[in-house]
$ cat entry_31.cif   # mmCIF, C-alpha atoms
data_query
loop_
_atom_site.group_PDB
_atom_site.id
_atom_site.type_symbol
_atom_site.label_atom_id
_atom_site.label_comp_id
_atom_site.auth_asym_id
_atom_site.auth_seq_id
_atom_site.Cartn_x
_atom_site.Cartn_y
_atom_site.Cartn_z
ATOM 1 C CA MET D 1 197.544 119.871 289.121
ATOM 2 C CA ILE D 2 197.693 121.122 285.557
ATOM 3 C CA ASN D 3 195.088 121.967 282.969
ATOM 4 C CA PHE D 4 195.516 121.652 279.226
ATOM 5 C CA SER D 5 193.418 121.078 276.139
ATOM 6 C CA ILE D 6 193.619 118.114 273.798
ATOM 7 C CA PRO D 7 191.464 117.187 270.821
ATOM 8 C CA ASN D 8 188.302 115.265 271.677
ATOM 9 C CA THR D 9 189.321 112.235 269.607
ATOM 10 C CA LEU D 10 192.632 111.957 271.465
ATOM 11 C CA LEU D 11 190.832 112.226 274.792
ATOM 12 C CA GLN D 12 188.415 109.489 273.772
ATOM 13 C CA GLN D 13 191.295 107.225 272.758
ATOM 14 C CA ALA D 14 193.050 107.897 276.070
ATOM 15 C CA ASP D 15 189.864 107.152 278.006
ATOM 16 C CA GLN D 16 189.348 103.887 276.094
ATOM 17 C CA LEU D 17 192.902 102.795 276.802
ATOM 18 C CA ALA D 18 192.614 103.762 280.464
ATOM 19 C CA LYS D 19 189.439 101.718 280.776
ATOM 20 C CA LYS D 20 191.032 98.762 278.969
ATOM 21 C CA GLN D 21 193.997 98.882 281.366
ATOM 22 C CA SER D 22 191.796 99.468 284.445
ATOM 23 C CA GLN D 23 193.412 102.844 285.114
ATOM 24 C CA SER D 24 192.083 106.297 285.660
ATOM 25 C CA ARG D 25 192.709 108.910 283.002
ATOM 26 C CA SER D 26 195.168 110.601 285.380
ATOM 27 C CA GLU D 27 197.097 107.361 285.943
ATOM 28 C CA LEU D 28 197.298 106.745 282.212
ATOM 29 C CA LEU D 29 198.606 110.248 281.507
ATOM 30 C CA ARG D 30 201.109 110.139 284.390
ATOM 31 C CA ASN D 31 202.443 106.801 283.126
ATOM 32 C CA ALA D 32 202.651 108.099 279.558
ATOM 33 C CA ILE D 33 204.643 111.143 280.700
ATOM 34 C CA ARG D 34 206.954 108.950 282.822
ATOM 35 C CA GLN D 35 207.596 106.625 279.870
ATOM 36 C CA PHE D 36 208.265 109.555 277.544
ATOM 37 C CA LEU D 37 210.701 111.150 280.005
ATOM 38 C CA GLU D 38 212.522 107.843 280.556
ATOM 39 C CA LYS D 39 212.820 107.294 276.806
ATOM 40 C CA GLU D 40 214.221 110.806 276.337
ATOM 41 C CA LYS D 41 216.693 110.248 279.185
ATOM 42 C CA ILE D 42 217.915 107.027 277.571
ATOM 43 C CA LYS D 43 218.222 108.721 274.170
ATOM 44 C CA SER D 44 220.248 111.512 275.751
ATOM 45 C CA GLN D 45 222.539 109.022 277.492
ATOM 46 C CA LEU D 46 223.055 107.072 274.273
ATOM 47 C CA PHE D 47 223.828 110.251 272.349
ATOM 48 C CA SER D 48 226.385 111.155 275.000
ATOM 49 C CA ILE D 49 228.009 107.719 274.706
ATOM 50 C CA VAL D 50 228.126 107.979 270.911
ATOM 51 C CA THR D 51 229.619 111.479 271.105
ATOM 52 C CA ARG D 52 232.343 110.408 273.573
ATOM 53 C CA SER D 53 233.106 107.319 271.512
ATOM 54 C CA ALA D 54 233.365 109.423 268.354
ATOM 55 C CA LYS D 55 235.890 111.723 269.995
ATOM 56 C CA ARG D 56 237.965 108.797 271.292
ATOM 57 C CA ASN D 57 238.016 107.202 267.841
ATOM 58 C CA ASN D 58 238.561 110.398 265.859
ATOM 59 C CA LEU D 59 235.170 110.177 264.129
ATOM 60 C CA SER D 60 232.852 113.030 263.365
ATOM 61 C CA GLU D 61 229.602 113.045 265.312
ATOM 62 C CA ALA D 62 227.768 112.511 262.031
ATOM 63 C CA LYS D 63 229.794 109.379 261.247
ATOM 64 C CA ALA D 64 229.352 108.067 264.794
ATOM 65 C CA LEU D 65 225.595 108.651 264.632
ATOM 66 C CA ALA D 66 225.426 106.905 261.262
ATOM 67 C CA LEU D 67 227.239 103.908 262.734
ATOM 68 C CA ALA D 68 224.877 103.922 265.717
ATOM 69 C CA GLU D 69 221.908 103.921 263.331
ATOM 70 C CA GLU D 70 223.390 100.975 261.442
ATOM 71 C CA ALA D 71 223.832 99.132 264.736
ATOM 72 C CA LYS D 72 220.216 99.853 265.677
ATOM 73 C CA GLN D 73 218.978 98.479 262.356
ATOM 74 C CA TRP D 74 221.195 95.406 262.738
ATOM 75 C CA ALA D 75 219.825 94.800 266.251
ATOM 76 C CA ARG D 76 216.245 95.043 264.971
ATOM 77 C CA LYS D 77 216.966 92.429 262.312
ATOM 78 C CA GLN D 78 218.528 90.129 264.917
ATOM 79 C CA SER D 79 215.518 90.362 267.215
ATOM 80 C CA LYS D 80 213.075 89.218 264.500
#
$ encode --input "entry_31.cif" --output "structure tokens"
Amino acid sequence: MINFSIPNTLLQQADQLAKKQSQSRSELLRNAIRQFLEKEKIKSQLFSIVTRSAKRNNLSEAKALALAEEAKQWARKQSK
């Protein structure tokens, strides 16, 4: 168990969403933390892939990250 403070408006929004999704506040917050941690794990893995690829192709990390950003934007356009 943990205790922490959050602004009242944020708590109200969380409670509304929990109710809408038929979850308890605790379930909603646990799921939100899980999703955040999974997203961060994926970002870390992607960064690692980009870094390794940059080294293999003699690119700076900055150039590799710029290319990855271009690819992300291209993928967004394709999905629309």
$ atom_distance --input "entry_31.cif" --atom1 "atom CA of D:Ala32" --atom2 "atom CA of D:Phe47"
22.5 Å
$ axis_aligned_box --input "entry_31.cif" --around "stretch 20-34 of chain D" --padding-each-side "4 Å" --output "AutoDock Vina command-line options"
--center_x 199.0 --center_y 105.0 --center_z 282.5 --size_x 23.9 --size_y 20.4 --size_z 15.0
$ closest_residue --input "entry_31.cif" --among "D:Thr51, D:Ser26, D:Gln45, D:Gln78" --to "D:Lys63" --atoms "all atoms listed in the file"
D:Thr51
$ resolve_selection --input "entry_31.cif" --expression "the PyMOL selection byres ((chain D and resi 64) around 12)" --output "list in words"
Leu46, Phe47, Ser48, Ile49, Val50, Thr51, Arg52, Ser53, Ala54, Lys55, Arg56, Asn57, Asn58, Leu59, Ser60, Glu61, Ala62, Lys63, Leu65, Ala66, Leu67, Ala68, Glu69, Glu70 and Ala71 of chain D
$ atom_distance --input "entry_31.cif" --atom1 "atom CA of D:Leu29" --atom2 "atom CA of D:Asp15"
9.9 Å
$ resolve_selection --input "entry_31.cif" --expression "the PyMOL selection byres ((chain D and resi 2) around 12)" --output "ChimeraX atom specification"
/D:1,3-5,26,29-30
$ write_last_selection --input "entry_31.cif" --atoms "C-alpha atoms" --output "CSV table (one decimal), keeping the file's coordinate frame"
chain,number,residue,atom,x,y,z
D,1,MET,CA,197.5,119.9,289.1
D,3,ASN,CA,195.1,122.0,283.0
D,4,PHE,CA,195.5,121.7,279.2
D,5,SER,CA,193.4,121.1,276.1
D,26,SER,CA,195.2,110.6,285.4
D,29,LEU,CA,198.6,110.2,281.5
D,30,ARG,CA,201.1,110.1,284.4
$ closest_residue --input "entry_31.cif" --among "D:Trp74, D:Leu11, D:Ile42, D:Ile6" --to "D:Leu28" --atoms "only C-alpha atoms"
D:Leu11
$ atom_distance --input "entry_31.cif" --atom1 "atom CA of D:Asn31" --atom2 "atom CA of D:Leu17"
12.1 Å
$ build_atoms --input "entry_31.cif" --residues "stretch 17-34 of chain D" --atoms "N, CA and C atoms" --output "tab-separated table (two decimals), in the coordinates of the input"
chain	number	residue	atom	x	y	z
D	17	LEU	N	191.73	103.54	276.37
D	17	LEU	CA	192.90	102.80	276.80
D	17	LEU	C	192.95	102.69	278.32
D	18	ALA	N	192.63	103.78	279.00
D	18	ALA	CA	192.61	103.76	280.46
D	18	ALA	C	191.63	102.71	280.97
D	19	LYS	N	190.46	102.69	280.37
D	19	LYS	CA	189.44	101.72	280.78
D	19	LYS	C	189.93	100.29	280.51
D	20	LYS	N	190.52	100.08	279.34
D	20	LYS	CA	191.03	98.76	278.97
D	20	LYS	C	192.10	98.29	279.96
D	21	GLN	N	192.91	99.23	280.45
D	21	GLN	CA	194.00	98.88	281.37
D	21	GLN	C	193.60	99.04	282.83
D	22	SER	N	192.32	99.29	283.08
D	22	SER	CA	191.80	99.47	284.44
D	22	SER	C	192.55	100.56	285.20
D	23	GLN	N	192.75	101.69	284.52
D	23	GLN	CA	193.41	102.84	285.11
D	23	GLN	C	192.49	104.05	285.01
D	24	SER	N	192.77	105.03	285.84
D	24	SER	CA	192.08	106.30	285.66
D	24	SER	C	192.77	107.05	284.53
D	25	ARG	N	192.11	108.06	284.03
D	25	ARG	CA	192.71	108.91	283.00
D	25	ARG	C	194.00	109.53	283.54
D	26	SER	N	193.98	109.98	284.78
D	26	SER	CA	195.17	110.60	285.38
D	26	SER	C	196.33	109.61	285.46
D	27	GLU	N	196.03	108.37	285.88
D	27	GLU	CA	197.10	107.36	285.94
D	27	GLU	C	197.69	107.11	284.57
D	28	LEU	N	196.84	106.98	283.57
D	28	LEU	CA	197.30	106.74	282.21
D	28	LEU	C	198.22	107.87	281.75
D	29	LEU	N	197.80	109.11	281.96
D	29	LEU	CA	198.61	110.25	281.51
D	29	LEU	C	199.91	110.37	282.29
D	30	ARG	N	199.87	110.11	283.60
D	30	ARG	CA	201.11	110.14	284.39
D	30	ARG	C	202.09	109.09	283.87
D	31	ASN	N	201.58	107.87	283.63
D	31	ASN	CA	202.44	106.80	283.13
D	31	ASN	C	203.00	107.13	281.75
D	32	ALA	N	202.18	107.72	280.90
D	32	ALA	CA	202.65	108.10	279.56
D	32	ALA	C	203.77	109.14	279.65
D	33	ILE	N	203.61	110.11	280.53
D	33	ILE	CA	204.64	111.14	280.70
D	33	ILE	C	205.91	110.51	281.25
D	34	ARG	N	205.78	109.63	282.26
D	34	ARG	CA	206.95	108.95	282.82
D	34	ARG	C	207.71	108.17	281.74
